file data.cif (mmCIF, N, CA and C atoms)
data_run
#
loop_
_atom_site.group_PDB
_atom_site.id
_atom_site.type_symbol
_atom_site.label_atom_id
_atom_site.label_comp_id
_atom_site.auth_asym_id
_atom_site.auth_seq_id
_atom_site.Cartn_x
_atom_site.Cartn_y
_atom_site.Cartn_z
ATOM 1 N N MET U 1 28.984 -29.153 -28.302
ATOM 2 C CA MET U 1 29.041 -28.376 -29.517
ATOM 3 C C MET U 1 30.451 -27.799 -29.626
ATOM 4 N N GLN U 2 31.057 -27.937 -30.779
ATOM 5 C CA GLN U 2 32.394 -27.392 -30.946
ATOM 6 C C GLN U 2 32.538 -26.761 -32.322
ATOM 7 N N VAL U 3 33.437 -25.776 -32.369
ATOM 8 C CA VAL U 3 33.716 -25.052 -33.606
ATOM 9 C C VAL U 3 35.226 -24.993 -33.757
ATOM 10 N N LEU U 4 35.714 -25.311 -34.947
ATOM 11 C CA LEU U 4 37.147 -25.261 -35.201
ATOM 12 C C LEU U 4 37.544 -23.855 -35.640
ATOM 13 N N VAL U 5 38.632 -23.348 -35.064
ATOM 14 C CA VAL U 5 39.152 -22.033 -35.435
ATOM 15 C C VAL U 5 40.246 -22.257 -36.467
ATOM 16 N N ARG U 6 40.056 -21.696 -37.633
ATOM 17 C CA ARG U 6 41.023 -21.873 -38.717
ATOM 18 C C ARG U 6 41.710 -20.549 -39.010
ATOM 19 N N ASP U 7 42.986 -20.598 -39.218
ATOM 20 C CA ASP U 7 43.801 -19.422 -39.566
ATOM 21 C C ASP U 7 43.643 -18.292 -38.542
ATOM 22 N N ASN U 8 43.507 -18.635 -37.267
ATOM 23 C CA ASN U 8 43.355 -17.667 -36.184
ATOM 24 C C ASN U 8 42.195 -16.686 -36.418
ATOM 25 N N ASP U 9 41.158 -17.134 -37.127
ATOM 26 C CA ASP U 9 40.001 -16.296 -37.408
ATOM 27 C C ASP U 9 38.939 -16.543 -36.338
ATOM 28 N N VAL U 10 39.133 -15.890 -35.186
ATOM 29 C CA VAL U 10 38.259 -16.107 -34.040
ATOM 30 C C VAL U 10 36.879 -15.511 -34.285
ATOM 31 N N GLU U 11 36.814 -14.362 -34.969
ATOM 32 C CA GLU U 11 35.532 -13.722 -35.211
ATOM 33 C C GLU U 11 34.612 -14.625 -36.041
ATOM 34 N N LYS U 12 35.170 -15.251 -37.057
ATOM 35 C CA LYS U 12 34.374 -16.141 -37.897
ATOM 36 C C LYS U 12 33.911 -17.355 -37.101
ATOM 37 N N ALA U 13 34.799 -17.907 -36.274
ATOM 38 C CA ALA U 13 34.429 -19.052 -35.452
ATOM 39 C C ALA U 13 33.327 -18.684 -34.461
ATOM 40 N N LEU U 14 33.400 -17.471 -33.926
ATOM 41 C CA LEU U 14 32.373 -17.014 -32.991
ATOM 42 C C LEU U 14 31.025 -16.868 -33.687
ATOM 43 N N ARG U 15 31.027 -16.337 -34.914
ATOM 44 C CA ARG U 15 29.777 -16.217 -35.678
ATOM 45 C C ARG U 15 29.178 -17.590 -35.937
ATOM 46 N N ILE U 16 30.031 -18.560 -36.284
ATOM 47 C CA ILE U 16 29.550 -19.914 -36.555
ATOM 48 C C ILE U 16 28.963 -20.530 -35.283
ATOM 49 N N LEU U 17 29.647 -20.310 -34.138
ATOM 50 C CA LEU U 17 29.153 -20.832 -32.865
ATOM 51 C C LEU U 17 27.795 -20.226 -32.521
ATOM 52 N N LYS U 18 27.655 -18.912 -32.693
ATOM 53 C CA LYS U 18 26.387 -18.258 -32.396
ATOM 54 C C LYS U 18 25.272 -18.800 -33.285
ATOM 55 N N ARG U 19 25.574 -19.024 -34.566
ATOM 56 C CA ARG U 19 24.572 -19.559 -35.493
ATOM 57 C C ARG U 19 24.132 -20.950 -35.063
ATOM 58 N N LYS U 20 25.115 -21.793 -34.659
ATOM 59 C CA LYS U 20 24.777 -23.149 -34.203
ATOM 60 C C LYS U 20 23.921 -23.101 -32.937
ATOM 61 N N MET U 21 24.275 -22.203 -32.014
ATOM 62 C CA MET U 21 23.517 -22.092 -30.776
ATOM 63 C C MET U 21 22.101 -21.587 -31.055
ATOM 64 N N GLN U 22 21.966 -20.688 -32.014
ATOM 65 C CA GLN U 22 20.651 -20.174 -32.386
ATOM 66 C C GLN U 22 19.788 -21.299 -32.945
ATOM 67 N N ARG U 23 20.368 -22.124 -33.809
ATOM 68 C CA ARG U 23 19.617 -23.226 -34.409
ATOM 69 C C ARG U 23 19.206 -24.263 -33.376
ATOM 70 N N GLU U 24 20.056 -24.483 -32.370
ATOM 71 C CA GLU U 24 19.754 -25.461 -31.328
ATOM 72 C C GLU U 24 18.754 -24.931 -30.311
ATOM 73 N N GLY U 25 18.527 -23.630 -30.278
ATOM 74 C CA GLY U 25 17.569 -23.051 -29.350
ATOM 75 C C GLY U 25 18.156 -22.738 -27.988
ATOM 76 N N VAL U 26 19.474 -22.598 -27.900
ATOM 77 C CA VAL U 26 20.127 -22.333 -26.615
ATOM 78 C C VAL U 26 19.733 -20.957 -26.087
ATOM 79 N N PHE U 27 19.714 -19.948 -26.950
ATOM 80 C CA PHE U 27 19.379 -18.595 -26.513
ATOM 81 C C PHE U 27 17.936 -18.526 -26.022
ATOM 82 N N ARG U 28 17.037 -19.196 -26.721
ATOM 83 C CA ARG U 28 15.633 -19.215 -26.320
ATOM 84 C C ARG U 28 15.484 -19.885 -24.954
ATOM 85 N N GLU U 29 16.215 -20.982 -24.750
ATOM 86 C CA GLU U 29 16.176 -21.696 -23.472
ATOM 87 C C GLU U 29 16.717 -20.822 -22.338
ATOM 88 N N MET U 30 17.813 -20.109 -22.590
ATOM 89 C CA MET U 30 18.389 -19.227 -21.567
ATOM 90 C C MET U 30 17.394 -18.124 -21.199
ATOM 91 N N LYS U 31 16.739 -17.556 -22.183
ATOM 92 C CA LYS U 31 15.770 -16.495 -21.925
ATOM 93 C C LYS U 31 14.607 -17.028 -21.096
ATOM 94 N N ARG U 32 14.167 -18.248 -21.422
ATOM 95 C CA ARG U 32 13.043 -18.837 -20.706
ATOM 96 C C ARG U 32 13.385 -19.146 -19.254
ATOM 97 N N ARG U 33 14.638 -19.495 -18.984
ATOM 98 C CA ARG U 33 15.046 -19.891 -17.641
ATOM 99 C C ARG U 33 15.488 -18.723 -16.764
ATOM 100 N N ARG U 34 15.394 -17.494 -17.272
ATOM 101 C CA ARG U 34 15.788 -16.340 -16.463
ATOM 102 C C ARG U 34 14.921 -16.190 -15.233
ATOM 103 N N SER U 35 13.655 -16.541 -15.337
ATOM 104 C CA SER U 35 12.759 -16.423 -14.199
ATOM 105 C C SER U 35 11.956 -17.711 -14.069
ATOM 106 N N TYR U 36 11.387 -17.903 -12.883
ATOM 107 C CA TYR U 36 10.613 -19.111 -12.613
ATOM 108 C C TYR U 36 9.324 -19.096 -13.412
ATOM 109 N N GLU U 37 8.973 -20.276 -13.927
ATOM 110 C CA GLU U 37 7.745 -20.435 -14.685
ATOM 111 C C GLU U 37 6.850 -21.411 -13.934
ATOM 112 N N LYS U 38 5.672 -20.956 -13.591
ATOM 113 C CA LYS U 38 4.751 -21.822 -12.867
ATOM 114 C C LYS U 38 4.361 -23.011 -13.743
ATOM 115 N N PRO U 39 4.059 -24.156 -13.132
ATOM 116 C CA PRO U 39 3.664 -25.336 -13.920
ATOM 117 C C PRO U 39 2.458 -25.084 -14.815
ATOM 118 N N SER U 40 1.500 -24.300 -14.352
ATOM 119 C CA SER U 40 0.327 -24.020 -15.194
ATOM 120 C C SER U 40 0.717 -23.172 -16.399
ATOM 121 N N GLU U 41 1.623 -22.202 -16.196
ATOM 122 C CA GLU U 41 2.107 -21.386 -17.312
ATOM 123 C C GLU U 41 2.895 -22.247 -18.291
ATOM 124 N N ARG U 42 3.660 -23.183 -17.761
ATOM 125 C CA ARG U 42 4.459 -24.073 -18.612
ATOM 126 C C ARG U 42 3.555 -24.925 -19.499
ATOM 127 N N LYS U 43 2.484 -25.483 -18.906
ATOM 128 C CA LYS U 43 1.547 -26.299 -19.682
ATOM 129 C C LYS U 43 0.892 -25.473 -20.781
ATOM 130 N N THR U 44 0.486 -24.244 -20.420
ATOM 131 C CA THR U 44 -0.148 -23.362 -21.405
ATOM 132 C C THR U 44 0.807 -23.043 -22.546
ATOM 133 N N ARG U 45 2.075 -22.741 -22.212
ATOM 134 C CA ARG U 45 3.063 -22.403 -23.239
ATOM 135 C C ARG U 45 3.340 -23.602 -24.133
ATOM 136 N N GLU U 46 3.511 -24.781 -23.527
ATOM 137 C CA GLU U 46 3.794 -25.975 -24.331
ATOM 138 C C GLU U 46 2.629 -26.323 -25.236
ATOM 139 N N LYS U 47 1.403 -26.145 -24.745
ATOM 140 C CA LYS U 47 0.228 -26.430 -25.568
ATOM 141 C C LYS U 47 0.149 -25.470 -26.753
ATOM 142 N N SER U 48 0.401 -24.164 -26.495
ATOM 143 C CA SER U 48 0.344 -23.200 -27.595
ATOM 144 C C SER U 48 1.478 -23.429 -28.589
ATOM 145 N N ASP U 49 2.656 -23.852 -28.099
ATOM 146 C CA ASP U 49 3.768 -24.184 -28.998
ATOM 147 C C ASP U 49 3.402 -25.359 -29.906
ATOM 148 N N ALA U 50 2.752 -26.373 -29.323
ATOM 149 C CA ALA U 50 2.354 -27.544 -30.113
ATOM 150 C C ALA U 50 1.324 -27.153 -31.165
ATOM 151 N N ILE U 51 0.376 -26.305 -30.793
ATOM 152 C CA ILE U 51 -0.636 -25.851 -31.761
ATOM 153 C C ILE U 51 0.030 -25.090 -32.893
ATOM 154 N N ARG U 52 0.985 -24.206 -32.544
ATOM 155 C CA ARG U 52 1.693 -23.424 -33.554
ATOM 156 C C ARG U 52 2.470 -24.341 -34.509
ATOM 157 N N ARG U 53 3.157 -25.333 -33.954
ATOM 158 C CA ARG U 53 3.912 -26.272 -34.802
ATOM 159 C C ARG U 53 2.989 -27.035 -35.744
ATOM 160 N N ASN U 54 1.856 -27.519 -35.218
ATOM 161 C CA ASN U 54 0.917 -28.277 -36.055
ATOM 162 C C ASN U 54 0.323 -27.419 -37.164
ATOM 163 N N ARG U 55 -0.002 -26.155 -36.842
ATOM 164 C CA ARG U 55 -0.525 -25.259 -37.884
ATOM 165 C C ARG U 55 0.504 -25.013 -38.974
ATOM 166 N N LYS U 56 1.750 -24.837 -38.561
ATOM 167 C CA LYS U 56 2.813 -24.591 -39.541
ATOM 168 C C LYS U 56 2.993 -25.806 -40.451
ATOM 169 N N LEU U 57 3.003 -27.007 -39.857
ATOM 170 C CA LEU U 57 3.140 -28.220 -40.666
ATOM 171 C C LEU U 57 1.958 -28.391 -41.620
ATOM 172 N N ALA U 58 0.733 -28.121 -41.123
ATOM 173 C CA ALA U 58 -0.453 -28.244 -41.969
ATOM 174 C C ALA U 58 -0.412 -27.241 -43.118
ATOM 175 N N ARG U 59 0.046 -26.013 -42.826
ATOM 176 C CA ARG U 59 0.144 -24.994 -43.871
ATOM 177 C C ARG U 59 1.156 -25.404 -44.930
ATOM 178 N N LYS U 60 2.324 -25.913 -44.502
ATOM 179 C CA LYS U 60 3.337 -26.346 -45.466
ATOM 180 C C LYS U 60 2.826 -27.507 -46.313
ATOM 181 N N GLN U 61 2.103 -28.441 -45.677
ATOM 182 C CA GLN U 61 1.553 -29.575 -46.409
ATOM 183 C C GLN U 61 0.528 -29.105 -47.438
ATOM 184 N N ALA U 62 -0.327 -28.154 -47.060
ATOM 185 C CA ALA U 62 -1.338 -27.642 -47.981
ATOM 186 C C ALA U 62 -0.683 -26.920 -49.159
ATOM 187 N N ILE U 63 0.404 -26.210 -48.909
ATOM 188 C CA ILE U 63 1.121 -25.530 -49.993
ATOM 189 C C ILE U 63 1.724 -26.560 -50.939
ATOM 190 N N ARG U 64 2.316 -27.624 -50.365
ATOM 191 C CA ARG U 64 2.904 -28.677 -51.209
ATOM 192 C C ARG U 64 1.854 -29.364 -52.074
ATOM 193 N N GLU U 65 0.651 -29.554 -51.515
ATOM 194 C CA GLU U 65 -0.416 -30.231 -52.260
ATOM 195 C C GLU U 65 -1.147 -29.293 -53.210
ATOM 196 N N GLY U 66 -0.846 -28.004 -53.144
ATOM 197 C CA GLY U 66 -1.464 -27.048 -54.054
ATOM 198 C C GLY U 66 -2.789 -26.517 -53.573
ATOM 199 N N LEU U 67 -3.154 -26.790 -52.325
ATOM 200 C CA LEU U 67 -4.419 -26.292 -51.799
ATOM 201 C C LEU U 67 -4.334 -24.815 -51.427
ATOM 202 N N LEU U 68 -3.131 -24.357 -51.071
ATOM 203 C CA LEU U 68 -2.898 -22.955 -50.748
ATOM 204 C C LEU U 68 -1.838 -22.402 -51.684
ATOM 205 N N PRO U 69 -1.935 -21.118 -52.036
ATOM 206 C CA PRO U 69 -0.877 -20.535 -52.874
ATOM 207 C C PRO U 69 0.402 -20.362 -52.062
ATOM 208 N N ALA U 70 1.524 -20.498 -52.734
ATOM 209 C CA ALA U 70 2.815 -20.303 -52.079
ATOM 210 C C ALA U 70 2.971 -18.837 -51.700
ATOM 211 N N PRO U 71 3.640 -18.547 -50.579
ATOM 212 C CA PRO U 71 3.808 -17.141 -50.191
ATOM 213 C C PRO U 71 4.638 -16.392 -51.216
ATOM 214 N N VAL U 72 4.281 -15.135 -51.426
ATOM 215 C CA VAL U 72 4.970 -14.294 -52.397
ATOM 216 C C VAL U 72 6.230 -13.738 -51.746
ATOM 217 N N LYS U 73 7.355 -13.879 -52.422
ATOM 218 C CA LYS U 73 8.603 -13.357 -51.883
ATOM 219 C C LYS U 73 8.650 -11.856 -52.078
ATOM 220 N N LYS U 74 9.130 -11.161 -51.049
ATOM 221 C CA LYS U 74 9.197 -9.708 -51.098
ATOM 222 C C LYS U 74 10.340 -9.256 -51.991
ATOM 223 N N VAL U 75 10.066 -8.238 -52.791
ATOM 224 C CA VAL U 75 11.079 -7.648 -53.651
ATOM 225 C C VAL U 75 11.569 -6.389 -52.952
ATOM 226 N N PRO U 76 12.890 -6.227 -52.810
ATOM 227 C CA PRO U 76 13.373 -5.028 -52.118
ATOM 228 C C PRO U 76 12.970 -3.766 -52.862
ATOM 229 N N ALA U 77 12.622 -2.739 -52.100
ATOM 230 C CA ALA U 77 12.190 -1.472 -52.681
ATOM 231 C C ALA U 77 13.378 -0.768 -53.328
ATOM 232 N N VAL U 78 13.112 -0.073 -54.412
ATOM 233 C CA VAL U 78 14.155 0.664 -55.118
ATOM 234 C C VAL U 78 14.298 2.023 -54.446
ATOM 235 N N ARG U 79 15.519 2.354 -54.049
ATOM 236 C CA ARG U 79 15.774 3.638 -53.395
ATOM 237 C C ARG U 79 16.027 4.714 -54.433
ATOM 238 N N VAL U 80 15.650 5.919 -54.083
ATOM 239 C CA VAL U 80 15.883 7.057 -54.962
ATOM 240 C C VAL U 80 17.366 7.398 -54.918
ATOM 241 N N GLY U 81 17.976 7.561 -56.070
ATOM 242 C CA GLY U 81 19.387 7.911 -56.140
ATOM 243 C C GLY U 81 20.313 6.710 -56.089
ATOM 244 N N ALA U 82 19.773 5.503 -55.989
ATOM 245 C CA ALA U 82 20.615 4.305 -55.948
ATOM 246 C C ALA U 82 21.010 3.923 -57.362
ATOM 247 N N LEU U 83 22.101 3.217 -57.463
ATOM 248 C CA LEU U 83 22.540 2.749 -58.772
ATOM 249 C C LEU U 83 21.563 1.714 -59.284
ATOM 250 N N PRO U 84 21.327 1.663 -60.583
ATOM 251 C CA PRO U 84 20.379 0.679 -61.107
ATOM 252 C C PRO U 84 20.947 -0.730 -60.957
ATOM 253 N N SER U 85 20.086 -1.628 -60.547
ATOM 254 C CA SER U 85 20.499 -3.028 -60.400
ATOM 255 C C SER U 85 19.863 -3.841 -61.507
ATOM 256 N N THR U 86 20.242 -5.090 -61.596
ATOM 257 C CA THR U 86 19.690 -5.948 -62.651
ATOM 258 C C THR U 86 18.222 -6.217 -62.410
ATOM 259 N N THR U 87 17.783 -6.292 -61.136
ATOM 260 C CA THR U 87 16.373 -6.580 -60.871
ATOM 261 C C THR U 87 15.495 -5.405 -61.259
ATOM 262 N N SER U 88 15.919 -4.173 -60.945
ATOM 263 C CA SER U 88 15.073 -3.030 -61.288
ATOM 264 C C SER U 88 15.007 -2.858 -62.805
ATOM 265 N N THR U 89 16.111 -3.123 -63.510
ATOM 266 C CA THR U 89 16.104 -3.006 -64.962
ATOM 267 C C THR U 89 15.181 -4.057 -65.571
ATOM 268 N N ARG U 90 15.242 -5.280 -65.031
ATOM 269 C CA ARG U 90 14.401 -6.349 -65.551
ATOM 270 C C ARG U 90 12.936 -6.029 -65.298
ATOM 271 N N ASN U 91 12.611 -5.509 -64.110
ATOM 272 C CA ASN U 91 11.225 -5.185 -63.796
ATOM 273 C C ASN U 91 10.702 -4.080 -64.697
ATOM 274 N N GLU U 92 11.545 -3.118 -65.043
ATOM 275 C CA GLU U 92 11.108 -2.042 -65.924
ATOM 276 C C GLU U 92 10.842 -2.568 -67.325
ATOM 277 N N ARG U 93 11.641 -3.549 -67.770
ATOM 278 C CA ARG U 93 11.433 -4.111 -69.100
ATOM 279 C C ARG U 93 10.142 -4.927 -69.147
ATOM 280 N N GLU U 94 9.841 -5.650 -68.042
ATOM 281 C CA GLU U 94 8.663 -6.512 -68.030
ATOM 282 C C GLU U 94 7.379 -5.716 -67.837
ATOM 283 N N ARG U 95 7.472 -4.529 -67.248
ATOM 284 C CA ARG U 95 6.298 -3.726 -66.981
ATOM 285 C C ARG U 95 5.744 -3.191 -68.299
ATOM 286 N N PRO U 96 4.468 -3.387 -68.567
ATOM 287 C CA PRO U 96 3.914 -2.878 -69.835
ATOM 288 C C PRO U 96 3.904 -1.354 -69.840
ATOM 289 N N GLN U 97 4.285 -0.804 -70.949
ATOM 290 C CA GLN U 97 4.327 0.644 -71.097
ATOM 291 C C GLN U 97 2.932 1.146 -71.462
ATOM 292 N N ALA U 98 2.619 2.360 -71.039
ATOM 293 C CA ALA U 98 1.328 2.957 -71.348
ATOM 294 C C ALA U 98 1.275 3.285 -72.850
ATOM 295 N N GLN U 99 0.221 2.828 -73.496
ATOM 296 C CA GLN U 99 0.068 3.054 -74.921
ATOM 297 C C GLN U 99 -0.596 4.411 -75.128
ATOM 298 N N PRO U 100 -0.027 5.239 -76.019
ATOM 299 C CA PRO U 100 -0.662 6.535 -76.275
ATOM 300 C C PRO U 100 -1.994 6.327 -76.987
ATOM 301 N N THR U 101 -2.994 7.054 -76.562
ATOM 302 C CA THR U 101 -4.301 6.945 -77.201
ATOM 303 C C THR U 101 -4.333 7.840 -78.441
ATOM 304 N N PRO U 102 -4.912 7.358 -79.510
ATOM 305 C CA PRO U 102 -4.962 8.198 -80.724
ATOM 306 C C PRO U 102 -5.868 9.405 -80.499
ATOM 307 N N ALA U 103 -5.405 10.527 -80.996
ATOM 308 C CA ALA U 103 -6.172 11.773 -80.835
ATOM 309 C C ALA U 103 -7.360 11.752 -81.784
ATOM 310 N N THR U 104 -8.527 12.039 -81.263
ATOM 311 C CA THR U 104 -9.715 12.082 -82.124
ATOM 312 C C THR U 104 -10.064 13.545 -82.379
ATOM 313 N N PRO U 105 -10.337 13.891 -83.612
ATOM 314 C CA PRO U 105 -10.673 15.295 -83.904
ATOM 315 C C PRO U 105 -12.025 15.653 -83.307
ATOM 316 N N ARG U 106 -12.095 16.874 -82.734
ATOM 317 C CA ARG U 106 -13.345 17.349 -82.137
ATOM 318 C C ARG U 106 -14.172 18.059 -83.196
ATOM 319 N N SER U 107 -15.465 17.914 -83.171
ATOM 320 C CA SER U 107 -16.331 18.554 -84.139
ATOM 321 C C SER U 107 -17.007 19.767 -83.571
#
call {"tool": "encode", "arguments": {"input": "data.cif", "output": "structure tokens"}}
result
Amino acid sequence: MQVLVRDNDVEKALRILKRKMQREGVFREMKRRRSYEKPSERKTREKSDAIRRNRKLARKQAIREGLLPAPVKKVPAVRVGALPSTTSTRNERERPQAQPTPATPRS
């Protein structure tokens, strides 16, 4: 694995290297190899990893086929005292306003 350093920007190259290592699973492998893992524990872990992968693939396939609803993306919460953003303004416009009820005279 190699990363090119451009314009003496070592910090950026280091971030890129860390991202590549994260994607390759190097950090996870290092953490796993810190201590000895018994063969029975290894089999159990590999089996649970395979089950997790298969469930994830099945869930994605079901979403693609329309059998399951797609996950809802989280909208960041609006902070008090923050400057208004385009998303909060748009959400306020789309939100239906409460209609005043007509006053009925009492007898």
call {"tool": "atom_distance", "arguments": {"input": "data.cif", "atom1": "CA of Gly25 in chain U", "atom2": "atom N of Gln61 in chain U"}}
result
23.1 Å
call {"tool": "select_by_dssp", "arguments": {"input": "data.cif", "residues": "range 8-61 of chain U", "states": "alpha helix (DSSP H)", "output": "count of residues only"}}
result
45
call {"tool": "atom_distance", "arguments": {"input": "data.cif", "atom1": "atom N of Ile16 in chain U", "atom2": "CA of Val3 in chain U"}}
result
7.9 Å
call {"tool": "atom_distance", "arguments": {"input": "data.cif", "atom1": "CA of Leu17 in chain U", "atom2": "CA of Asp49 in chain U"}}
result
25.9 Å
